[in-house]
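Reviewing the structure listed below.
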Amino acid sequence: MGTLIVNGGRKLDGTISVQGAKNSVLPILAATILNSGISVIHNCPRISDVDAAIKILRYIGCDVAFEGNVVTVDSSNVKNCHIPDEMMREMRSSVIFMGAVLARFGKVSLFTPGGCELGARPVDLHISSLKKLGAKIEEEAGAIRCSARHLKGNDVVLSFPSVGATENTILAATACSGRTRIINAAREPEISDLQEFLVRMGADVSGAGSSMIVINGKKKLHNVEHEVMPDRICAATFMCAAALCGGKVRIERIIPEHISTMFSILERAGCDIKRGEDSAEVKRSGSLSAISTVRTLPYPGFPTDAQPPLMALATKCIGTSTFVENIFDRRYRHASELVRMGADIKIEGKIALVHGVRELFGSSVKAADLRGGAALVIAAMAAEGKSEIECIEHIDRGYEKIEADMRKLGADVVRK
Ligand code: UD1
């Protein structure tokens with residue numbers, strides 16, 4: 001369990017390049033099982049969730065090399081279709097291996113990913129979707145056993161556009177005979193990145209980015225090389241850091257369209273933003289005004305993952321900012337820690353009211369989850385005095401050395 005020590009109060013000035021997207025690379029790593037061959041993945045972030053995915057790949061029989069930011073997976077000799085409980089618990093998105101292993105072997109046994117980091121995270125939509133494709137699924141005390149004599153394409157209607165359930169269904173559908181249509185599919189950019197990877201591998205998948213995805217299964221899959229798209233949530237975190245600490249930050253290697261809601265929110269609050277083709281410059285000199293109501297929604301709505309860093313920013317905006325968290329029911333755990341730093345936040349159910357304060361003060365706080373932890377880092381960077389942030393293993397799940405990146409921008413952040 002590491003700690004970050006932050007001496008706050010410094011303005012930021014510098015350039016940062018955004019890492020590859022965690023939420024893209026995790027399903028892509030699971031998808032490497034499908035081709036019984038070699039996948040080369042560029043721009044892979046060095047984060048602990050990727051290590052957890054690689055551990056699962058090696059356990060089931062893949063050869064995996066991870067050099068710099070390139071992962072090479074050889075899935076020719078995969079033989080194991082069981083994933084043990086302790087590996088499933090290490091990373092919540094391990095559930096995406098269900099669709100991939102099922103597609104390769106017609107069976108898989110694993111466990112529900114444990115914990116309740118952001119609240120209840122059921123997998124009922126994953127299970128009902130795979131059943132629609134002909135899988136027989138038994139669940140008992142957290143164990144999931146899934147088998148299919150014959151996977152057959154079908155119409156899968158999601159009652160909510162779940163990102164994970166959409167990905168699991170796409171992966172399983174690549175092995176189905178005939179056509180699968182996912183209706184009310186998640187539209188997140190990471191789904192488009194997974195589609196691009198699968199198409200490069202020879203799969204027939206189309207429609208990602210819209211709410212209907214069509215997969216014609218049983219295509220011959222081959223070796224593949226792919227570059228993971230940039231992480232829009234890391235980009236949003238750097239933008240909030242620049243806005244909160246003040247100064248000027250250039251953020252490179254982004255896809256501006258993926259974070260357009262964040263651009264407009266920051267501009268309305270009073271930041272100057274210059275957008276380039278694959279970069280943005282965020283400048284804040286004066287004070288910022290409160291953020292009008294932010295509702296987290298499935299893409300293209302405002303992302304729940306960017307709510308914590310934006311809330312950190314709102315703590316110092318003049319007036320009252322309102323947040324409505326619609327996706328997860330325990331996603332305000334950073335709020336009580338921000339209050340320890342002097343923030344004024346009232347929470348009632350899904351709603352958080354953030355009354356801007358003049359100053360935040362350095363304090364000892366604990367990260368309770370990944371994005372909430374990043375919110376504490378940027379709040380500490382804007383606070384007067386020294387902060388200690390504990391339990392930073394949550395932050396390491398999704399940010400490649402956050403302290404080094406923030407130091408590049410002029411912040412004083414070190415790991416103890
Ligand atoms: C993914 C992202 C996560 C992001 C989230 C929402 C990855 C690795 N993680 O998580 O960072 O915060 O999308 O953008 O990509 N639900 C059900 N039943 C299910 C599945 C989901 O009720 O079977 C509910 C969840 O409890 C939650 C909502 O649907 O309330 C959204 O979940 P989902 O879109 O599935 O998120 P994840 O794929 O877990």
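Residues in the structure tokens are numbered from 1 in each chain, the chains being A, B, ... in the order shown, and ligands are numbered from 1 in the order shown.
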Taking a cut-off of 12 Å and counting only C-alpha atoms, can you build a table that, for each residue of segment 69-91 of chain A near segment 216-229 of chain A, reports the nearest atom pair and how far apart they are in Å (one decimal), sorted by chain then residue number, as a Markdown table?
| residue | atom | partner | partner_atom | distance |
| --- | --- | --- | --- | --- |
| A:Asn69 | CA | A:Glu227 | CA | 10.1 |
| A:Val70 | CA | A:Glu227 | CA | 9.0 |
| A:Val71 | CA | A:Glu225 | CA | 10.0 |
| A:Thr72 | CA | A:Glu225 | CA | 9.0 |
| A:Val73 | CA | A:Asn223 | CA | 9.9 |
| A:Asp74 | CA | A:Asn223 | CA | 9.1 |
| A:Ser75 | CA | A:Asn223 | CA | 10.0 |
| A:Ser76 | CA | A:Asn223 | CA | 10.4 |
Show me which residues sit within 7 Å of ligand 1 when counting only C-alpha atoms and all ligand atoms, and put them as number ranges by chain. A: 22-24, 26, 93, 120-126, 160-165, 298, 303-305, 327-328
Can you tell me, as a PyMOL selection string, what residues are no more than 10 Å from Leu409 of chain A when counting only C-alpha atoms, ignoring any on the same chain fewer than 3 positions away? chain A and resi 10-16+238+241-242+247-250+404-406+412
Please report the interatomic distance between atom CA of His258 of chain A and atom CA of Leu29 of chain A in Å with one decimal.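 It comes out at 21.8 Å.
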Residues within 12 Å of Met1 of chain A, please, as a list in words. Count only C-alpha atoms; anything in the same chain fewer than 3 positions from it doesn't count.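 What passes the distance filter is Leu4, Lys366, Ala367, Ile389, Glu390, Cys391, Ile392, Glu393, His394, Ile395, Asp396, Arg415 and Lys416 of chain A.
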Restricting the output to all heavy atoms, write the selected residues as an mmCIF file, in the first residue's frame.
data_model
loop_
_atom_site.group_PDB
_atom_site.id
_atom_site.type_symbol
_atom_site.label_atom_id
_atom_site.label_comp_id
_atom_site.auth_asym_id
_atom_site.auth_seq_id
_atom_site.Cartn_x
_atom_site.Cartn_y
_atom_site.Cartn_z
ATOM 1 N N LEU A 4 1.043 8.810 -1.564
ATOM 2 C CA LEU A 4 1.562 9.950 -2.326
ATOM 3 C C LEU A 4 1.647 11.144 -1.380
ATOM 4 O O LEU A 4 0.709 11.404 -0.612
ATOM 5 C CB LEU A 4 0.645 10.296 -3.499
ATOM 6 C CG LEU A 4 0.595 9.336 -4.687
ATOM 7 C CD1 LEU A 4 -0.436 9.815 -5.711
ATOM 8 C CD2 LEU A 4 1.964 9.195 -5.362
ATOM 9 N N LYS A 366 -7.631 9.093 2.117
ATOM 10 C CA LYS A 366 -7.485 7.733 1.579
ATOM 11 C C LYS A 366 -8.255 7.603 0.273
ATOM 12 O O LYS A 366 -9.432 7.985 0.219
ATOM 13 C CB LYS A 366 -8.111 6.732 2.557
ATOM 14 C CG LYS A 366 -7.197 6.319 3.666
ATOM 15 C CD LYS A 366 -7.738 5.071 4.349
ATOM 16 C CE LYS A 366 -6.758 4.653 5.410
ATOM 17 N NZ LYS A 366 -7.196 4.648 6.750
ATOM 18 N N ALA A 367 -7.598 7.033 -0.732
ATOM 19 C CA ALA A 367 -8.297 6.744 -1.989
ATOM 20 C C ALA A 367 -9.167 5.512 -1.769
ATOM 21 O O ALA A 367 -8.708 4.515 -1.219
ATOM 22 C CB ALA A 367 -7.282 6.472 -3.095
ATOM 23 N N ILE A 389 -1.772 10.984 0.594
ATOM 24 C CA ILE A 389 -2.883 10.197 0.037
ATOM 25 C C ILE A 389 -2.515 8.728 0.154
ATOM 26 O O ILE A 389 -1.537 8.272 -0.444
ATOM 27 C CB ILE A 389 -3.147 10.587 -1.439
ATOM 28 C CG1 ILE A 389 -3.447 12.090 -1.504
ATOM 29 C CG2 ILE A 389 -4.304 9.779 -2.019
ATOM 30 C CD1 ILE A 389 -3.378 12.670 -2.884
ATOM 31 N N GLU A 390 -3.306 8.009 0.936
ATOM 32 C CA GLU A 390 -3.030 6.583 1.144
ATOM 33 C C GLU A 390 -3.864 5.720 0.213
ATOM 34 O O GLU A 390 -4.787 6.208 -0.427
ATOM 35 C CB GLU A 390 -3.363 6.221 2.599
ATOM 36 C CG GLU A 390 -2.377 6.794 3.601
ATOM 37 C CD GLU A 390 -2.835 6.512 5.007
ATOM 38 O OE1 GLU A 390 -3.336 5.409 5.278
ATOM 39 O OE2 GLU A 390 -2.700 7.430 5.835
ATOM 40 N N CYS A 391 -3.542 4.436 0.201
ATOM 41 C CA CYS A 391 -4.261 3.424 -0.604
ATOM 42 C C CYS A 391 -4.186 3.750 -2.100
ATOM 43 O O CYS A 391 -5.185 3.629 -2.823
ATOM 44 C CB CYS A 391 -5.727 3.303 -0.189
ATOM 45 S SG CYS A 391 -5.935 2.877 1.519
ATOM 46 N N ILE A 392 -2.996 4.146 -2.550
ATOM 47 C CA ILE A 392 -2.878 4.572 -3.952
ATOM 48 C C ILE A 392 -2.814 3.386 -4.920
ATOM 49 O O ILE A 392 -2.754 3.588 -6.129
ATOM 50 C CB ILE A 392 -1.673 5.516 -4.172
ATOM 51 C CG1 ILE A 392 -0.382 4.836 -3.747
ATOM 52 C CG2 ILE A 392 -1.889 6.830 -3.433
ATOM 53 C CD1 ILE A 392 0.846 5.602 -4.165
ATOM 54 N N GLU A 393 -2.877 2.155 -4.377
ATOM 55 C CA GLU A 393 -2.966 1.014 -5.305
ATOM 56 C C GLU A 393 -4.228 1.141 -6.162
ATOM 57 O O GLU A 393 -4.257 0.635 -7.290
ATOM 58 C CB GLU A 393 -2.907 -0.328 -4.559
ATOM 59 C CG GLU A 393 -4.029 -0.627 -3.592
ATOM 60 C CD GLU A 393 -3.838 0.056 -2.228
ATOM 61 O OE1 GLU A 393 -2.884 0.840 -2.064
ATOM 62 O OE2 GLU A 393 -4.673 -0.179 -1.342
ATOM 63 N N HIS A 394 -5.254 1.809 -5.653
ATOM 64 C CA HIS A 394 -6.455 2.023 -6.485
ATOM 65 C C HIS A 394 -6.111 2.902 -7.689
ATOM 66 O O HIS A 394 -6.587 2.670 -8.798
ATOM 67 C CB HIS A 394 -7.549 2.730 -5.670
ATOM 68 C CG HIS A 394 -8.119 1.874 -4.578
ATOM 69 N ND1 HIS A 394 -8.798 0.717 -4.839
ATOM 70 C CD2 HIS A 394 -8.104 2.016 -3.234
ATOM 71 C CE1 HIS A 394 -9.183 0.172 -3.697
ATOM 72 N NE2 HIS A 394 -8.774 0.926 -2.706
ATOM 73 N N ILE A 395 -5.283 3.923 -7.455
ATOM 74 C CA ILE A 395 -4.927 4.854 -8.537
ATOM 75 C C ILE A 395 -4.046 4.135 -9.565
ATOM 76 O O ILE A 395 -4.192 4.323 -10.781
ATOM 77 C CB ILE A 395 -4.198 6.090 -7.966
ATOM 78 C CG1 ILE A 395 -5.088 6.775 -6.917
ATOM 79 C CG2 ILE A 395 -3.798 7.058 -9.073
ATOM 80 C CD1 ILE A 395 -4.429 7.938 -6.189
ATOM 81 N N ASP A 396 -3.168 3.267 -9.077
ATOM 82 C CA ASP A 396 -2.249 2.536 -9.971
ATOM 83 C C ASP A 396 -2.981 1.565 -10.892
ATOM 84 O O ASP A 396 -2.411 1.084 -11.862
ATOM 85 C CB ASP A 396 -1.205 1.773 -9.143
ATOM 86 C CG ASP A 396 -0.248 2.714 -8.417
ATOM 87 O OD1 ASP A 396 -0.087 3.858 -8.884
ATOM 88 O OD2 ASP A 396 0.325 2.313 -7.386
ATOM 89 N N ARG A 415 6.054 9.690 -4.436
ATOM 90 C CA ARG A 415 5.548 8.421 -3.893
ATOM 91 C C ARG A 415 6.437 8.015 -2.731
ATOM 92 O O ARG A 415 7.663 8.057 -2.834
ATOM 93 C CB ARG A 415 5.599 7.376 -5.002
ATOM 94 C CG ARG A 415 5.014 6.040 -4.636
ATOM 95 C CD ARG A 415 5.054 5.121 -5.838
ATOM 96 N NE ARG A 415 4.148 5.549 -6.881
ATOM 97 C CZ ARG A 415 3.045 4.875 -7.256
ATOM 98 N NH1 ARG A 415 2.737 3.737 -6.679
ATOM 99 N NH2 ARG A 415 2.272 5.338 -8.212
ATOM 100 N N LYS A 416 5.803 7.631 -1.611
ATOM 101 C CA LYS A 416 6.596 7.193 -0.442
ATOM 102 C C LYS A 416 6.549 5.679 -0.347
ATOM 103 O O LYS A 416 5.482 5.095 -0.506
ATOM 104 C CB LYS A 416 5.985 7.803 0.811
ATOM 105 C CG LYS A 416 6.855 7.690 2.024
ATOM 106 C CD LYS A 416 6.394 8.600 3.154
ATOM 107 C CE LYS A 416 5.271 7.915 3.937
ATOM 108 N NZ LYS A 416 4.823 8.641 5.089
#
Please run DSSP on the backbone and report, as a PyMOL selection string, all residues within segment 170-346 of chain A that come out as strand (DSSP E or B). chain A and resi 177+179-183+204-206+208+210+212-216+224-227+230+247-252+272-275+279-284+289+294-296+302+318+320-324+344-346
Do you know which residues are at most 12 Å from Ile259 of chain A counting only C-alpha atoms, after dropping those on the same chain fewer than 3 positions away, and could you put them as a short mmCIF file (atom, residue, chain, number, x, y, z; two decimals) with all heavy atoms, in the first residue's frame?
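Heads up, here's the output in result27.cif:
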data_model
loop_
_atom_site.label_atom_id
_atom_site.label_comp_id
_atom_site.auth_asym_id
_atom_site.auth_seq_id
_atom_site.Cartn_x
_atom_site.Cartn_y
_atom_site.Cartn_z
N GLU A 188 -19.89 3.65 -26.05
CA GLU A 188 -18.61 4.21 -25.60
C GLU A 188 -17.53 4.02 -26.67
O GLU A 188 -17.50 3.00 -27.36
CB GLU A 188 -18.18 3.50 -24.30
CG GLU A 188 -18.63 4.15 -23.00
CD GLU A 188 -20.14 4.11 -22.77
OE1 GLU A 188 -20.87 3.53 -23.57
OE2 GLU A 188 -20.58 4.70 -21.76
N PRO A 189 -16.60 4.99 -26.79
CA PRO A 189 -15.53 4.87 -27.79
C PRO A 189 -14.68 3.60 -27.61
O PRO A 189 -14.14 3.08 -28.59
CB PRO A 189 -14.66 6.11 -27.52
CG PRO A 189 -15.55 7.07 -26.81
CD PRO A 189 -16.56 6.27 -26.06
N PRO A 230 -6.25 6.65 -27.14
CA PRO A 230 -5.88 7.37 -25.90
C PRO A 230 -6.99 7.32 -24.85
O PRO A 230 -8.16 7.19 -25.19
CB PRO A 230 -5.66 8.81 -26.37
CG PRO A 230 -5.91 8.86 -27.83
CD PRO A 230 -6.38 7.54 -28.31
N ASP A 231 -6.58 7.42 -23.61
CA ASP A 231 -7.50 7.31 -22.47
C ASP A 231 -8.21 8.64 -22.23
O ASP A 231 -7.62 9.60 -21.75
CB ASP A 231 -6.71 6.88 -21.22
CG ASP A 231 -7.61 6.38 -20.12
OD1 ASP A 231 -8.56 7.12 -19.78
OD2 ASP A 231 -7.39 5.27 -19.62
N ARG A 232 -9.50 8.66 -22.54
CA ARG A 232 -10.25 9.93 -22.42
C ARG A 232 -10.43 10.34 -20.96
O ARG A 232 -10.58 11.53 -20.66
CB ARG A 232 -11.59 9.84 -23.17
CG ARG A 232 -12.53 8.80 -22.63
CD ARG A 232 -13.67 8.49 -23.60
NE ARG A 232 -14.38 7.30 -23.17
CZ ARG A 232 -15.51 7.31 -22.49
NH1 ARG A 232 -16.09 8.44 -22.21
NH2 ARG A 232 -16.09 6.18 -22.11
N ILE A 233 -10.42 9.36 -20.05
CA ILE A 233 -10.63 9.73 -18.64
C ILE A 233 -9.34 10.32 -18.06
O ILE A 233 -9.38 11.27 -17.27
CB ILE A 233 -11.12 8.53 -17.82
CG1 ILE A 233 -12.37 7.90 -18.47
CG2 ILE A 233 -11.40 8.94 -16.37
CD1 ILE A 233 -13.56 8.84 -18.65
N CYS A 234 -8.19 9.77 -18.48
CA CYS A 234 -6.92 10.39 -18.05
C CYS A 234 -6.84 11.81 -18.60
O CYS A 234 -6.43 12.74 -17.90
CB CYS A 234 -5.73 9.58 -18.53
SG CYS A 234 -5.56 8.04 -17.66
N ALA A 235 -7.24 11.98 -19.86
CA ALA A 235 -7.22 13.33 -20.45
C ALA A 235 -8.11 14.27 -19.64
O ALA A 235 -7.71 15.40 -19.31
CB ALA A 235 -7.71 13.26 -21.91
N ALA A 236 -9.29 13.79 -19.27
CA ALA A 236 -10.22 14.62 -18.47
C ALA A 236 -9.60 14.96 -17.11
O ALA A 236 -9.76 16.08 -16.61
CB ALA A 236 -11.54 13.88 -18.28
N THR A 237 -8.86 14.02 -16.54
CA THR A 237 -8.22 14.26 -15.23
C THR A 237 -7.19 15.39 -15.35
O THR A 237 -7.14 16.29 -14.51
CB THR A 237 -7.53 12.96 -14.73
OG1 THR A 237 -8.48 11.90 -14.77
CG2 THR A 237 -6.99 13.13 -13.32
N PHE A 238 -6.38 15.35 -16.42
CA PHE A 238 -5.36 16.41 -16.60
C PHE A 238 -6.04 17.76 -16.85
O PHE A 238 -5.55 18.80 -16.40
CB PHE A 238 -4.42 16.08 -17.76
CG PHE A 238 -3.54 14.89 -17.48
CD1 PHE A 238 -3.47 13.83 -18.38
CD2 PHE A 238 -2.77 14.83 -16.33
CE1 PHE A 238 -2.66 12.73 -18.12
CE2 PHE A 238 -1.95 13.72 -16.06
CZ PHE A 238 -1.91 12.68 -16.95
N MET A 239 -7.14 17.73 -17.59
CA MET A 239 -7.85 18.99 -17.84
C MET A 239 -8.36 19.58 -16.53
O MET A 239 -8.24 20.79 -16.29
CB MET A 239 -9.04 18.76 -18.80
CG MET A 239 -8.59 18.45 -20.21
SD MET A 239 -9.96 17.95 -21.26
CE MET A 239 -10.82 19.48 -21.45
N CYS A 240 -8.93 18.73 -15.68
CA CYS A 240 -9.44 19.23 -14.38
C CYS A 240 -8.27 19.73 -13.52
O CYS A 240 -8.41 20.72 -12.80
CB CYS A 240 -10.20 18.13 -13.64
SG CYS A 240 -11.76 17.73 -14.43
N ILE A 254 -4.76 13.08 -27.74
CA ILE A 254 -6.15 12.89 -27.31
C ILE A 254 -7.03 12.83 -28.56
O ILE A 254 -6.61 13.20 -29.64
CB ILE A 254 -6.65 14.04 -26.40
CG1 ILE A 254 -6.58 15.40 -27.13
CG2 ILE A 254 -5.87 14.10 -25.10
CD1 ILE A 254 -7.31 16.52 -26.41
N ILE A 255 -8.24 12.35 -28.36
CA ILE A 255 -9.25 12.45 -29.43
C ILE A 255 -10.30 13.42 -28.88
O ILE A 255 -11.12 13.06 -28.02
CB ILE A 255 -9.84 11.07 -29.77
CG1 ILE A 255 -8.72 10.14 -30.24
CG2 ILE A 255 -10.95 11.19 -30.82
CD1 ILE A 255 -9.12 8.72 -30.55
N PRO A 256 -10.20 14.72 -29.30
CA PRO A 256 -11.04 15.75 -28.68
C PRO A 256 -12.52 15.40 -28.64
O PRO A 256 -13.21 15.67 -27.65
CB PRO A 256 -10.78 16.99 -29.54
CG PRO A 256 -9.42 16.76 -30.12
CD PRO A 256 -9.30 15.28 -30.33
N MET A 262 -16.50 17.55 -21.56
CA MET A 262 -15.60 18.17 -20.59
C MET A 262 -15.13 19.55 -21.09
O MET A 262 -15.07 20.50 -20.31
CB MET A 262 -14.40 17.23 -20.38
CG MET A 262 -13.52 17.62 -19.26
SD MET A 262 -14.39 17.75 -17.70
CE MET A 262 -13.85 16.33 -16.87
N PHE A 263 -14.85 19.65 -22.39
CA PHE A 263 -14.44 20.96 -22.95
C PHE A 263 -15.52 22.00 -22.66
O PHE A 263 -15.24 23.09 -22.19
CB PHE A 263 -14.27 20.88 -24.47
CG PHE A 263 -13.00 20.21 -24.92
CD1 PHE A 263 -13.02 19.20 -25.85
CD2 PHE A 263 -11.77 20.62 -24.42
CE1 PHE A 263 -11.85 18.59 -26.27
CE2 PHE A 263 -10.59 20.02 -24.84
CZ PHE A 263 -10.63 19.00 -25.76
N SER A 264 -16.78 21.65 -22.96
CA SER A 264 -17.80 22.70 -22.83
C SER A 264 -18.03 23.05 -21.36
O SER A 264 -18.25 24.22 -21.04
CB SER A 264 -19.09 22.34 -23.57
OG SER A 264 -19.51 21.07 -23.18
N ILE A 265 -17.93 22.07 -20.48
CA ILE A 265 -18.12 22.38 -19.04
C ILE A 265 -17.02 23.32 -18.57
O ILE A 265 -17.28 24.32 -17.88
CB ILE A 265 -18.12 21.06 -18.22
CG1 ILE A 265 -19.43 20.31 -18.46
CG2 ILE A 265 -17.93 21.35 -16.73
CD1 ILE A 265 -19.45 18.91 -17.89
N LEU A 266 -15.78 23.03 -18.93
CA LEU A 266 -14.67 23.87 -18.45
C LEU A 266 -14.73 25.27 -19.07
O LEU A 266 -14.43 26.27 -18.40
CB LEU A 266 -13.32 23.20 -18.74
CG LEU A 266 -13.04 21.88 -18.01
CD1 LEU A 266 -11.60 21.44 -18.21
CD2 LEU A 266 -13.34 21.96 -16.53
N ARG A 275 -8.42 23.98 -28.86
CA ARG A 275 -8.45 22.59 -29.30
C ARG A 275 -7.63 22.41 -30.56
O ARG A 275 -7.78 23.16 -31.51
CB ARG A 275 -9.87 22.14 -29.64
CG ARG A 275 -10.83 22.35 -28.52
CD ARG A 275 -12.23 21.96 -28.95
NE ARG A 275 -13.17 22.67 -28.08
CZ ARG A 275 -14.40 22.26 -27.83
NH1 ARG A 275 -14.85 21.19 -28.41
NH2 ARG A 275 -15.17 22.95 -27.04
N ASP A 278 -5.31 16.70 -32.32
CA ASP A 278 -5.16 15.61 -31.34
C ASP A 278 -4.53 16.14 -30.05
O ASP A 278 -3.76 15.44 -29.40
CB ASP A 278 -4.34 14.46 -31.93
CG ASP A 278 -2.96 14.91 -32.33
OD1 ASP A 278 -2.66 16.12 -32.19
OD2 ASP A 278 -2.15 14.07 -32.74
N SER A 279 -4.85 17.37 -29.73
CA SER A 279 -4.30 17.96 -28.50
C SER A 279 -5.25 19.06 -28.03
O SER A 279 -6.17 19.46 -28.75
CB SER A 279 -2.92 18.58 -28.78
OG SER A 279 -3.08 19.66 -29.68
N ALA A 280 -5.01 19.54 -26.83
CA ALA A 280 -5.78 20.67 -26.31
C ALA A 280 -4.91 21.42 -25.33
O ALA A 280 -4.05 20.82 -24.67
CB ALA A 280 -7.05 20.18 -25.62
N TYR A 299 -22.33 7.07 -22.62
CA TYR A 299 -21.80 7.87 -23.73
C TYR A 299 -22.87 8.04 -24.80
O TYR A 299 -23.59 7.08 -25.07
CB TYR A 299 -20.57 7.16 -24.32
CG TYR A 299 -19.77 8.00 -25.26
CD1 TYR A 299 -18.81 8.88 -24.80
CD2 TYR A 299 -19.99 7.90 -26.63
CE1 TYR A 299 -18.06 9.66 -25.68
CE2 TYR A 299 -19.25 8.68 -27.52
CZ TYR A 299 -18.29 9.55 -27.03
OH TYR A 299 -17.56 10.31 -27.90
N PRO A 300 -23.02 9.20 -25.39
CA PRO A 300 -22.17 10.39 -25.34
C PRO A 300 -22.47 11.35 -24.19
O PRO A 300 -22.01 12.49 -24.22
CB PRO A 300 -22.46 11.07 -26.69
CG PRO A 300 -23.87 10.69 -27.02
CD PRO A 300 -24.09 9.33 -26.44
N GLY A 301 -23.20 10.91 -23.18
CA GLY A 301 -23.42 11.76 -22.01
C GLY A 301 -22.14 11.90 -21.19
O GLY A 301 -21.11 11.29 -21.52
N PHE A 302 -22.21 12.66 -20.12
CA PHE A 302 -21.01 12.90 -19.30
C PHE A 302 -20.59 11.61 -18.59
O PHE A 302 -21.40 10.96 -17.94
CB PHE A 302 -21.29 14.02 -18.28
CG PHE A 302 -20.05 14.40 -17.52
CD1 PHE A 302 -19.14 15.28 -18.09
CD2 PHE A 302 -19.76 13.84 -16.29
CE1 PHE A 302 -17.96 15.60 -17.41
CE2 PHE A 302 -18.60 14.16 -15.61
CZ PHE A 302 -17.69 15.04 -16.18
N PRO A 303 -19.30 11.23 -18.71
CA PRO A 303 -18.87 9.93 -18.15
C PRO A 303 -18.80 9.92 -16.63
O PRO A 303 -18.23 10.83 -16.02
CB PRO A 303 -17.47 9.75 -18.74
CG PRO A 303 -17.02 11.08 -19.20
CD PRO A 303 -18.24 11.93 -19.43
N ASP A 305 -16.90 8.18 -14.94
CA ASP A 305 -15.49 8.10 -14.53
C ASP A 305 -14.84 9.48 -14.40
O ASP A 305 -13.81 9.62 -13.75
CB ASP A 305 -14.68 7.26 -15.53
CG ASP A 305 -15.01 5.78 -15.44
OD1 ASP A 305 -15.78 5.40 -14.55
OD2 ASP A 305 -14.48 5.00 -16.26
N ALA A 306 -15.42 10.48 -15.06
CA ALA A 306 -14.83 11.82 -14.96
C ALA A 306 -15.51 12.66 -13.88
O ALA A 306 -15.10 13.79 -13.63
CB ALA A 306 -14.92 12.53 -16.32
#
For segment 330-343 of chain A, work out the shell of residues within 9 Å, counting only C-alpha atoms and skipping chain neighbours fewer than 4 positions away, then give it as an MDAnalysis selection string. chainID A and resid 116:120 304 307:308 311:312 315:316 325 347 350 352 354:357 359:369 371:373 375:376 379:380 383 387
Exercise: Arg295 of chain A partners within 7 Å, only C-alpha atoms, chain neighbours under 2 positions left out, as a PDB file with N, CA, C and O atoms, in the first residue's frame:
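Here's the written file result32.pdb:
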ATOM      1  N   THR A 293     -25.584  21.958 -13.592  1.00  0.00           N
ATOM      2  CA  THR A 293     -25.813  20.539 -13.260  1.00  0.00           C
ATOM      3  C   THR A 293     -25.137  19.558 -14.225  1.00  0.00           C
ATOM      4  O   THR A 293     -25.325  19.620 -15.436  1.00  0.00           O
ATOM      5  N   LEU A 297     -24.078   9.925 -17.473  1.00  0.00           N
ATOM      6  CA  LEU A 297     -24.943   9.152 -18.370  1.00  0.00           C
ATOM      7  C   LEU A 297     -24.082   8.259 -19.251  1.00  0.00           C
ATOM      8  O   LEU A 297     -22.888   8.509 -19.410  1.00  0.00           O
ATOM      9  N   PHE A 302     -22.209  12.658 -20.116  1.00  0.00           N
ATOM     10  CA  PHE A 302     -21.012  12.903 -19.301  1.00  0.00           C
ATOM     11  C   PHE A 302     -20.591  11.610 -18.591  1.00  0.00           C
ATOM     12  O   PHE A 302     -21.397  10.960 -17.939  1.00  0.00           O
ATOM     13  N   PHE A 323     -24.137  17.815  -8.972  1.00  0.00           N
ATOM     14  CA  PHE A 323     -23.844  16.567  -9.680  1.00  0.00           C
ATOM     15  C   PHE A 323     -24.991  15.587  -9.465  1.00  0.00           C
ATOM     16  O   PHE A 323     -25.519  15.496  -8.358  1.00  0.00           O
ATOM     17  N   VAL A 324     -25.346  14.869 -10.514  1.00  0.00           N
ATOM     18  CA  VAL A 324     -26.319  13.781 -10.380  1.00  0.00           C
ATOM     19  C   VAL A 324     -25.637  12.533 -10.932  1.00  0.00           C
ATOM     20  O   VAL A 324     -25.330  12.456 -12.126  1.00  0.00           O
ATOM     21  N   GLU A 325     -25.359  11.579 -10.041  1.00  0.00           N
ATOM     22  CA  GLU A 325     -24.650  10.349 -10.447  1.00  0.00           C
ATOM     23  C   GLU A 325     -25.687   9.267 -10.758  1.00  0.00           C
ATOM     24  O   GLU A 325     -26.342   8.749  -9.861  1.00  0.00           O
ATOM     25  N   ASN A 326     -25.825   8.968 -12.031  1.00  0.00           N
ATOM     26  CA  ASN A 326     -26.879   8.041 -12.459  1.00  0.00           C
ATOM     27  C   ASN A 326     -26.385   6.631 -12.729  1.00  0.00           C
ATOM     28  O   ASN A 326     -27.192   5.749 -12.996  1.00  0.00           O
TER      29      ASN A 326
END
What are the DSSP alpha helix (DSSP H) residues of segment 148-376 of chain A, as a VMD selection string? chain A and resid 163 to 173 189 to 200 232 to 245 260 to 269 307 to 314 333 to 340 370 to 376
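Using only C-alpha atoms, the shortest contact distance between Leu194 of chain A and any of A:Ile41, A:Met88, A:Ile47, A:Cys81 is found at A:Ile41.
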